[in-house]
file target_32.cif (mmCIF, C-alpha atoms and all ligand atoms)
data_coords
#
loop_
_atom_site.label_atom_id
_atom_site.label_comp_id
_atom_site.auth_asym_id
_atom_site.auth_seq_id
_atom_site.Cartn_x
_atom_site.Cartn_y
_atom_site.Cartn_z
CA MET A 30 0.00 0.00 0.00
CA ALA A 31 1.33 3.46 -0.85
CA GLY A 32 2.91 4.94 2.30
CA LYS A 33 1.31 8.29 1.52
CA ASP A 34 -2.21 6.93 2.09
CA VAL A 35 -1.43 5.32 5.41
CA LEU A 36 -2.24 7.46 8.44
CA LEU A 37 -1.64 4.83 11.12
CA SER A 38 0.37 1.67 10.85
CA VAL A 39 0.39 -0.87 13.68
CA ASP A 40 2.96 -3.57 13.04
CA GLY A 41 3.58 -6.69 15.13
CA VAL A 42 2.69 -4.99 18.41
CA LYS A 43 3.06 -7.12 21.52
CA ALA A 44 1.99 -5.81 24.91
CA THR A 45 2.00 -7.04 28.48
CA TYR A 46 0.54 -5.91 31.81
CA ASN A 47 2.62 -6.12 35.00
CA GLY A 48 5.44 -7.64 32.97
CA ALA A 49 3.56 -10.93 33.10
CA ILE A 50 0.17 -10.99 31.36
CA THR A 51 0.55 -10.92 27.57
CA ALA A 52 -2.49 -9.14 26.14
CA LEU A 53 -1.27 -8.57 22.58
CA HIS A 54 0.71 -11.25 20.73
CA GLY A 55 1.59 -9.27 17.60
CA VAL A 56 -1.21 -7.03 16.31
CA SER A 57 -0.85 -5.59 12.80
CA PHE A 58 -3.18 -3.41 10.74
CA THR A 59 -3.16 -0.14 8.84
CA LEU A 60 -5.59 2.74 8.73
CA ARG A 61 -5.73 4.83 5.58
CA ARG A 62 -6.23 8.57 5.63
CA GLY A 63 -9.92 9.44 5.47
CA GLU A 64 -11.37 6.05 6.32
CA ILE A 65 -13.35 4.55 9.19
CA LEU A 66 -11.66 1.38 10.43
CA ALA A 67 -13.44 -0.84 12.95
CA LEU A 68 -11.48 -2.96 15.40
CA LEU A 69 -13.71 -5.87 16.32
CA GLY A 70 -13.38 -8.81 18.67
CA ALA A 71 -14.92 -10.59 21.62
CA ASN A 72 -14.51 -9.59 25.23
CA GLY A 73 -10.81 -9.68 26.13
CA ALA A 74 -9.57 -10.00 22.53
CA GLY A 75 -7.31 -6.98 23.03
CA LYS A 76 -9.20 -4.04 21.52
CA THR A 77 -8.76 -1.65 24.44
CA THR A 78 -5.13 -2.65 24.90
CA THR A 79 -4.47 -1.94 21.22
CA LEU A 80 -6.08 1.50 21.44
CA LYS A 81 -4.16 2.33 24.62
CA ALA A 82 -0.94 1.21 22.95
CA ILE A 83 -1.67 3.63 20.09
CA SER A 84 -2.17 6.59 22.47
CA ASN A 85 0.72 5.47 24.72
CA LEU A 86 -1.64 5.06 27.67
CA LEU A 87 -0.44 1.58 28.73
CA PRO A 88 2.20 2.79 31.24
CA ALA A 89 -0.62 4.28 33.35
CA GLU A 90 -1.92 0.71 33.80
CA ARG A 91 1.46 -0.92 34.41
CA GLY A 92 1.37 -2.10 30.83
CA GLU A 93 4.02 -1.81 28.12
CA ILE A 94 4.67 -2.46 24.46
CA THR A 95 7.33 -5.17 24.27
CA ALA A 96 7.68 -5.49 20.49
CA GLY A 97 6.52 -3.96 17.23
CA SER A 98 5.99 -0.42 15.99
CA ILE A 99 3.21 2.13 15.74
CA LEU A 100 3.64 4.78 13.07
CA TYR A 101 1.30 7.79 12.97
CA GLN A 102 1.80 10.09 9.97
CA GLY A 103 4.97 8.10 9.30
CA ARG A 104 6.48 8.78 12.73
CA ASP A 105 7.10 6.16 15.45
CA VAL A 106 4.87 7.23 18.35
CA THR A 107 5.43 4.38 20.80
CA LYS A 108 7.35 6.76 23.10
CA ALA A 109 5.35 9.93 22.42
CA LYS A 110 3.59 11.63 25.34
CA PRO A 111 -0.22 11.38 25.15
CA ALA A 112 -0.56 15.20 25.19
CA GLU A 113 1.91 15.46 22.32
CA LEU A 114 -0.19 12.97 20.36
CA VAL A 115 -3.31 15.07 20.92
CA ARG A 116 -1.47 18.12 19.58
CA ALA A 117 -0.50 16.01 16.56
CA GLY A 118 -4.19 15.26 15.98
CA LEU A 119 -4.42 11.75 17.43
CA VAL A 120 -7.25 12.01 19.95
CA GLN A 121 -8.89 9.19 21.87
CA VAL A 122 -12.32 8.87 23.50
CA LEU A 123 -11.81 6.29 26.21
CA GLU A 124 -14.20 3.47 27.04
CA GLY A 125 -16.86 4.55 29.52
CA ARG A 126 -17.21 8.15 28.31
CA HIS A 127 -15.27 9.88 31.11
CA CYS A 128 -17.01 13.23 31.40
CA PHE A 129 -16.13 15.63 34.19
CA ARG A 130 -19.38 14.97 36.02
CA ASN A 131 -19.31 18.16 38.10
CA LEU A 132 -18.75 20.42 35.12
CA THR A 133 -21.50 21.52 32.76
CA VAL A 134 -21.78 20.11 29.27
CA GLU A 135 -20.29 23.32 27.86
CA GLU A 136 -17.42 23.38 30.37
CA ASN A 137 -16.59 19.80 29.40
CA LEU A 138 -16.48 20.76 25.75
CA ILE A 139 -14.32 23.83 26.41
CA ALA A 140 -11.90 21.61 28.35
CA GLY A 141 -11.33 19.70 25.12
CA GLY A 142 -10.07 22.81 23.37
CA LEU A 143 -7.66 23.94 26.09
CA GLY A 144 -4.59 22.13 24.78
CA ARG A 145 -4.89 23.97 21.48
CA SER A 146 -4.37 27.51 22.81
CA GLY A 147 -7.03 28.91 20.47
CA SER A 148 -8.43 32.43 20.92
CA ARG A 149 -11.79 32.94 22.62
CA ALA A 150 -13.38 33.55 19.24
CA GLU A 151 -11.95 30.30 17.88
CA ILE A 152 -13.18 28.33 20.87
CA ALA A 153 -16.64 29.92 20.55
CA ALA A 154 -16.74 29.01 16.86
CA ASP A 155 -15.67 25.44 17.62
CA LEU A 156 -18.37 25.18 20.28
CA GLU A 157 -20.99 26.23 17.74
CA ARG A 158 -19.65 23.60 15.35
CA ILE A 159 -20.06 20.92 18.04
CA TYR A 160 -23.60 22.13 18.79
CA ALA A 161 -24.43 21.90 15.08
CA ILE A 162 -23.21 18.28 15.13
CA PHE A 163 -24.99 17.43 18.41
CA PRO A 164 -27.97 19.81 18.77
CA ARG A 165 -29.01 18.05 21.98
CA LEU A 166 -25.88 19.31 23.65
CA LYS A 167 -26.82 22.92 22.93
CA ASP A 168 -30.10 22.47 24.80
CA LYS A 169 -28.22 20.91 27.71
CA ARG A 170 -25.19 23.14 27.69
CA ARG A 171 -25.74 24.53 31.19
CA ALA A 172 -26.65 21.16 32.74
CA LEU A 173 -24.14 19.18 34.77
CA SER A 174 -22.67 16.37 32.67
CA GLY A 175 -23.17 13.95 35.54
CA LEU A 176 -26.91 14.45 35.18
CA ALA A 177 -26.98 13.93 31.41
CA SER A 178 -28.16 10.63 29.90
CA GLY A 179 -25.65 7.98 28.81
CA GLY A 180 -26.10 8.94 25.18
CA GLU A 181 -25.61 12.63 25.92
CA GLN A 182 -22.46 11.84 27.92
CA GLN A 183 -21.09 9.89 24.96
CA MET A 184 -21.84 12.92 22.75
CA VAL A 185 -20.03 15.17 25.26
CA ALA A 186 -17.02 12.84 25.22
CA ILE A 187 -16.94 12.82 21.41
CA GLY A 188 -17.61 16.58 21.24
CA ARG A 189 -14.77 17.23 23.67
CA ALA A 190 -12.42 15.20 21.48
CA LEU A 191 -13.59 17.11 18.39
CA MET A 192 -12.77 20.41 20.14
CA SER A 193 -9.10 19.56 19.76
CA ARG A 194 -9.59 19.30 15.98
CA PRO A 195 -8.37 15.73 15.49
CA THR A 196 -6.98 14.21 12.33
CA LEU A 197 -7.55 10.71 13.71
CA LEU A 198 -10.36 10.15 16.20
CA VAL A 199 -9.98 6.93 18.19
CA LEU A 200 -13.06 5.63 20.01
CA ASP A 201 -13.27 2.73 22.44
CA GLU A 202 -16.67 1.08 22.32
CA PRO A 203 -18.94 4.11 21.88
CA SER A 204 -22.02 1.83 21.90
CA MET A 205 -21.41 0.54 25.41
CA GLY A 206 -24.55 0.57 27.53
CA LEU A 207 -26.58 2.66 25.08
CA ALA A 208 -29.96 1.96 23.49
CA PRO A 209 -29.78 0.81 19.84
CA ILE A 210 -31.37 3.98 18.51
CA ILE A 211 -28.78 6.16 20.27
CA VAL A 212 -25.98 3.90 19.04
CA GLN A 213 -27.23 4.32 15.49
CA ASP A 214 -27.41 8.07 15.96
CA ILE A 215 -23.81 8.18 17.14
CA PHE A 216 -22.52 6.03 14.28
CA ARG A 217 -24.46 8.11 11.74
CA THR A 218 -22.87 11.23 13.16
CA LEU A 219 -19.40 9.66 12.93
CA ARG A 220 -20.07 8.71 9.31
CA ARG A 221 -21.23 12.24 8.53
CA LEU A 222 -18.16 13.79 10.15
CA ASN A 223 -16.01 11.43 8.12
CA ALA A 224 -17.80 12.27 4.87
CA GLU A 225 -17.96 16.03 5.42
CA SER A 226 -14.56 16.76 6.90
CA GLY A 227 -12.48 13.72 5.97
CA LEU A 228 -11.95 12.87 9.63
CA SER A 229 -10.22 9.48 9.95
CA ILE A 230 -11.74 7.22 12.59
CA LEU A 231 -10.56 4.10 14.40
CA VAL A 232 -13.38 2.58 16.42
CA ALA A 233 -13.16 -0.49 18.67
CA GLU A 234 -16.53 -2.20 19.04
CA GLN A 235 -18.07 -5.37 20.38
CA ASN A 236 -21.20 -4.44 18.46
CA SER A 237 -19.91 -5.83 15.16
CA ALA A 238 -23.22 -5.42 13.35
CA ILE A 239 -23.35 -1.66 13.71
CA ALA A 240 -19.60 -1.19 13.26
CA LEU A 241 -19.54 -3.21 10.01
CA ARG A 242 -22.51 -1.21 8.73
CA TYR A 243 -20.75 2.15 9.14
CA ALA A 244 -17.04 1.33 8.72
CA ASP A 245 -15.11 1.17 5.45
CA ARG A 246 -12.87 -1.65 6.63
CA ALA A 247 -12.43 -3.77 9.73
CA THR A 248 -9.83 -5.79 11.56
CA ILE A 249 -10.98 -8.63 13.79
CA LEU A 250 -8.87 -9.40 16.85
CA GLU A 251 -8.77 -12.84 18.42
CA ASN A 252 -6.70 -13.59 21.49
CA GLY A 253 -4.40 -10.64 21.00
CA THR A 254 -3.72 -11.01 17.28
CA ALA A 255 -5.37 -9.66 14.14
CA ALA A 256 -7.18 -12.71 12.76
CA LEU A 257 -8.83 -11.11 9.75
CA SER A 258 -8.86 -7.75 7.95
CA GLY A 259 -10.88 -6.61 4.98
CA ASP A 260 -13.57 -4.38 3.53
CA ALA A 261 -16.49 -4.08 5.93
CA ALA A 262 -19.02 -4.92 3.21
CA GLU A 263 -17.12 -8.11 2.31
CA LEU A 264 -16.69 -9.14 5.93
CA ARG A 265 -20.44 -8.75 6.49
CA GLN A 266 -21.10 -11.31 3.77
CA ARG A 267 -18.73 -13.98 5.09
CA ASP A 268 -20.43 -16.97 6.70
CA ASP A 269 -17.83 -17.27 9.46
CA VAL A 270 -18.13 -13.58 10.37
CA LYS A 271 -21.94 -13.82 10.26
CA ALA A 272 -21.86 -16.83 12.51
CA PHE A 273 -19.32 -15.71 15.04
CA TYR A 274 -19.71 -11.93 15.12
CA LEU A 275 -23.17 -11.17 13.76
CA GLY A 276 -24.96 -13.96 15.64
CA GLN A 277 -26.64 -15.38 12.56
CA LYS A 278 -25.61 -19.09 12.75
CA ALA A 279 -23.77 -21.55 14.97
CA ALA A 280 -20.26 -20.30 15.78
CA PRO A 281 -17.20 -21.95 14.24
CA ALA A 282 -14.09 -22.44 16.39
CA SER A 283 -12.25 -19.44 14.95
CA VAL A 284 -12.49 -17.07 12.02
CA SER A 285 -8.71 -17.15 11.80
CA SER A 286 -8.75 -20.74 10.55
CA THR A 287 -10.71 -19.63 7.51
CA ALA A 288 -9.11 -16.23 6.95
CA SER A 289 -8.41 -15.73 3.29
CA LEU A 290 -8.83 -12.04 2.55
CA PRO A 291 -5.61 -10.23 1.68
CA PRO A 292 -4.14 -8.27 4.59
CA ALA A 293 -5.39 -4.70 4.85
N1 LIG B 301 -5.07 -3.31 33.42
C1 LIG B 301 -4.91 -4.60 33.13
N2 LIG B 301 -4.13 -5.40 33.91
C2 LIG B 301 -3.97 -6.71 33.59
N3 LIG B 301 -4.55 -7.33 32.54
C3 LIG B 301 -5.34 -6.59 31.74
C4 LIG B 301 -5.57 -5.20 31.99
N4 LIG B 301 -6.40 -4.73 31.03
C5 LIG B 301 -6.68 -5.78 30.21
N5 LIG B 301 -6.04 -6.90 30.64
C6 LIG B 301 -6.08 -8.22 29.97
O1 LIG B 301 -5.62 -8.06 28.64
C7 LIG B 301 -6.41 -8.85 27.73
C8 LIG B 301 -7.03 -7.96 26.66
O2 LIG B 301 -7.97 -7.09 27.29
P1 LIG B 301 -8.62 -5.83 26.57
O3 LIG B 301 -9.33 -5.02 27.60
O4 LIG B 301 -7.62 -5.15 25.73
O5 LIG B 301 -9.68 -6.55 25.62
P2 LIG B 301 -10.96 -5.94 24.89
O6 LIG B 301 -11.02 -6.63 23.57
O7 LIG B 301 -10.90 -4.47 24.88
O8 LIG B 301 -12.13 -6.44 25.80
P3 LIG B 301 -13.38 -5.61 26.40
O9 LIG B 301 -14.33 -5.51 25.29
O10 LIG B 301 -13.83 -6.49 27.51
O11 LIG B 301 -12.86 -4.28 26.86
C9 LIG B 301 -7.44 -9.57 28.59
O12 LIG B 301 -6.95 -10.86 28.87
C10 LIG B 301 -7.50 -8.73 29.85
O13 LIG B 301 -7.84 -9.52 30.97
#
call {"tool": "encode", "arguments": {"input": "target_32.cif", "output": "structure tokens"}}
result
Amino acid sequence: MAGKDVLLSVDGVKATYNGAITALHGVSFTLRRGEILALLGANGAGKTTTLKAISNLLPAERGEITAGSILYQGRDVTKAKPAELVRAGLVQVLEGRHCFRNLTVEENLIAGGLGRSGSRAEIAADLERIYAIFPRLKDKRRALSGLASGGEQQMVAIGRALMSRPTLLVLDEPSMGLAPIIVQDIFRTLRRLNAESGLSILVAEQNSAIALRYADRATILENGTAALSGDAAELRQRDDVKAFYLGQKAAPASVSSTASLPPA
């Protein structure tokens, strides 16, 4: 694949926690500029660990990358500080939403723009842009985030990330604990952002059905390795993916035993 098109390249990444538990056994995939890539897999497959490796957040959990490389915009970022990555446009929305519960919706959003040292006018313009994307947040802007619904908190978390004007937005399971209609709303919004502004998106999801509907491509993790990568539309048609990840038939032992698509 032409290097120019690759925004993020994860190559043979191994990671451990506490120097003992191996969570990733060599994960490899690439994300092209301007695409939505879904990272799928069952509970414990290594999705969150992969995303934390990308944003260099593993040390905070006594975890570390023990092998492999992660290139963002062609640069090895395995040692980059998380704040430096945000300034470079690599911004992550962590699993579980993580709003500042005692701040209002608007204060949470403004907090997302602080690292960018924009003028007041720029921050105000960015806020209006977020409210245009999530009109519900405008109605709730003076409410405490802790009192907002789960869906609204997820919108706040995404809106806060957008305030730092990302090039690559990384999301860890945005569907978690939300009603299907809200999940659909959030994925539609992500798709629209991608289409309108070219925002690249890496989204880890257990909800494979929705992720494969909205993503361009997907990588499926199994036991800490990338078992299968391909176009989302093609993956949706595969019997093994239908059976194991879309709940449509009896599950085979592993999709990796039948993987035949070329690597992404
Ligand atoms: N902080 C931690 N300390 C020790 N082991 C961990 C830690 N976090 C995750 N693990 C282990 O690493 C492996 C991968 O977990 P990870 O959370 O990355 O998977 P996941 O695909 O994101 O699953 P989930 O959907 O449940 O979040 C699992 O075996 C898990 O038990």
call {"tool": "residues_near_point", "arguments": {"input": "target_32.cif", "point": "(-16.9, 18.0, 33.4)", "cutoff": "12 Å", "atoms": "only C-alpha atoms", "output": "PyMOL selection string"}}
result
chain A and resi 126-141+170-177+182+185-186+189
call {"tool": "closest_residue", "arguments": {"input": "target_32.cif", "among": "A:Ser193, A:Ser229, A:Ser38, A:Glu157", "to": "Ala112 in chain A", "atoms": "all atoms listed in the file"}}
result
A:Ser193
call {"tool": "atom_distance", "arguments": {"input": "target_32.cif", "atom1": "CA of Thr79 in chain A", "atom2": "CA of Ile211 in chain A"}}
result
25.6 Å
call {"tool": "atom_distance", "arguments": {"input": "target_32.cif", "atom1": "CA of Val120 in chain A", "atom2": "CA of Pro195 in chain A"}}
result
5.9 Å
call {"tool": "residues_near_point", "arguments": {"input": "target_32.cif", "point": "(-22.9, 10.9, 14.3)", "cutoff": "12 Å", "atoms": "only C-alpha atoms", "output": "PyMOL selection string"}}
result
chain A and resi 159+161-164+180+183-184+187-188+191+203-204+210-225+230+243
call {"tool": "build_atoms", "arguments": {"input": "target_32.cif", "residues": "range 170-195 of chain A", "atoms": "N, CA and C atoms", "output": "JSON list (two decimals), in the coordinates of the input"}}
result
[["chain", "number", "residue", "atom", "x", "y", "z"],
["A", 170, "ARG", "N", -26.56, 22.67, 27.45],
["A", 170, "ARG", "CA", -25.19, 23.14, 27.69],
["A", 170, "ARG", "C", -24.93, 23.61, 29.11],
["A", 171, "ARG", "N", -25.97, 24.06, 29.82],
["A", 171, "ARG", "CA", -25.74, 24.53, 31.19],
["A", 171, "ARG", "C", -26.01, 23.45, 32.23],
["A", 172, "ALA", "N", -26.37, 22.26, 31.79],
["A", 172, "ALA", "CA", -26.65, 21.16, 32.74],
["A", 172, "ALA", "C", -25.34, 20.46, 33.14],
["A", 173, "LEU", "N", -25.32, 19.93, 34.35],
["A", 173, "LEU", "CA", -24.14, 19.18, 34.77],
["A", 173, "LEU", "C", -24.04, 17.89, 33.95],
["A", 174, "SER", "N", -22.85, 17.57, 33.50],
["A", 174, "SER", "CA", -22.67, 16.37, 32.67],
["A", 174, "SER", "C", -23.08, 15.12, 33.42],
["A", 175, "GLY", "N", -22.84, 15.13, 34.73],
["A", 175, "GLY", "CA", -23.17, 13.95, 35.54],
["A", 175, "GLY", "C", -24.65, 13.65, 35.53],
["A", 176, "LEU", "N", -25.46, 14.66, 35.19],
["A", 176, "LEU", "CA", -26.91, 14.45, 35.18],
["A", 176, "LEU", "C", -27.44, 14.17, 33.77],
["A", 177, "ALA", "N", -26.55, 14.20, 32.79],
["A", 177, "ALA", "CA", -26.98, 13.93, 31.41],
["A", 177, "ALA", "C", -27.18, 12.43, 31.21],
["A", 178, "SER", "N", -27.94, 12.06, 30.18],
["A", 178, "SER", "CA", -28.16, 10.63, 29.90],
["A", 178, "SER", "C", -26.86, 10.01, 29.37],
["A", 179, "GLY", "N", -26.84, 8.68, 29.32],
["A", 179, "GLY", "CA", -25.65, 7.98, 28.81],
["A", 179, "GLY", "C", -25.31, 8.41, 27.40],
["A", 180, "GLY", "N", -26.34, 8.54, 26.56],
["A", 180, "GLY", "CA", -26.10, 8.94, 25.18],
["A", 180, "GLY", "C", -25.54, 10.35, 25.10],
["A", 181, "GLU", "N", -26.11, 11.24, 25.92],
["A", 181, "GLU", "CA", -25.61, 12.63, 25.92],
["A", 181, "GLU", "C", -24.17, 12.69, 26.43],
["A", 182, "GLN", "N", -23.85, 11.86, 27.42],
["A", 182, "GLN", "CA", -22.46, 11.84, 27.92],
["A", 182, "GLN", "C", -21.50, 11.35, 26.85],
["A", 183, "GLN", "N", -21.96, 10.37, 26.05],
["A", 183, "GLN", "CA", -21.09, 9.89, 24.96],
["A", 183, "GLN", "C", -20.88, 11.02, 23.95],
["A", 184, "MET", "N", -21.97, 11.78, 23.68],
["A", 184, "MET", "CA", -21.84, 12.92, 22.75],
["A", 184, "MET", "C", -20.88, 13.97, 23.32],
["A", 185, "VAL", "N", -20.95, 14.20, 24.63],
["A", 185, "VAL", "CA", -20.03, 15.17, 25.26],
["A", 185, "VAL", "C", -18.59, 14.68, 25.08],
["A", 186, "ALA", "N", -18.38, 13.38, 25.33],
["A", 186, "ALA", "CA", -17.02, 12.84, 25.22],
["A", 186, "ALA", "C", -16.50, 12.97, 23.79],
["A", 187, "ILE", "N", -17.36, 12.70, 22.82],
["A", 187, "ILE", "CA", -16.94, 12.82, 21.41],
["A", 187, "ILE", "C", -16.76, 14.31, 21.06],
["A", 188, "GLY", "N", -17.70, 15.13, 21.51],
["A", 188, "GLY", "CA", -17.61, 16.58, 21.24],
["A", 188, "GLY", "C", -16.33, 17.17, 21.83],
["A", 189, "ARG", "N", -15.99, 16.73, 23.04],
["A", 189, "ARG", "CA", -14.77, 17.23, 23.67],
["A", 189, "ARG", "C", -13.55, 16.84, 22.84],
["A", 190, "ALA", "N", -13.55, 15.62, 22.33],
["A", 190, "ALA", "CA", -12.42, 15.20, 21.48],
["A", 190, "ALA", "C", -12.38, 16.03, 20.20],
["A", 191, "LEU", "N", -13.55, 16.33, 19.64],
["A", 191, "LEU", "CA", -13.59, 17.11, 18.39],
["A", 191, "LEU", "C", -13.10, 18.54, 18.60],
["A", 192, "MET", "N", -13.24, 19.06, 19.84],
["A", 192, "MET", "CA", -12.77, 20.41, 20.14],
["A", 192, "MET", "C", -11.27, 20.55, 19.92],
["A", 193, "SER", "N", -10.54, 19.43, 20.00],
["A", 193, "SER", "CA", -9.10, 19.56, 19.76],
["A", 193, "SER", "C", -8.75, 19.32, 18.28],
["A", 194, "ARG", "N", -9.76, 19.38, 17.44],
["A", 194, "ARG", "CA", -9.59, 19.30, 15.98],
["A", 194, "ARG", "C", -8.71, 18.12, 15.54],
["A", 195, "PRO", "N", -9.19, 16.90, 15.81],
["A", 195, "PRO", "CA", -8.37, 15.73, 15.49],
["A", 195, "PRO", "C", -8.24, 15.46, 14.00]]
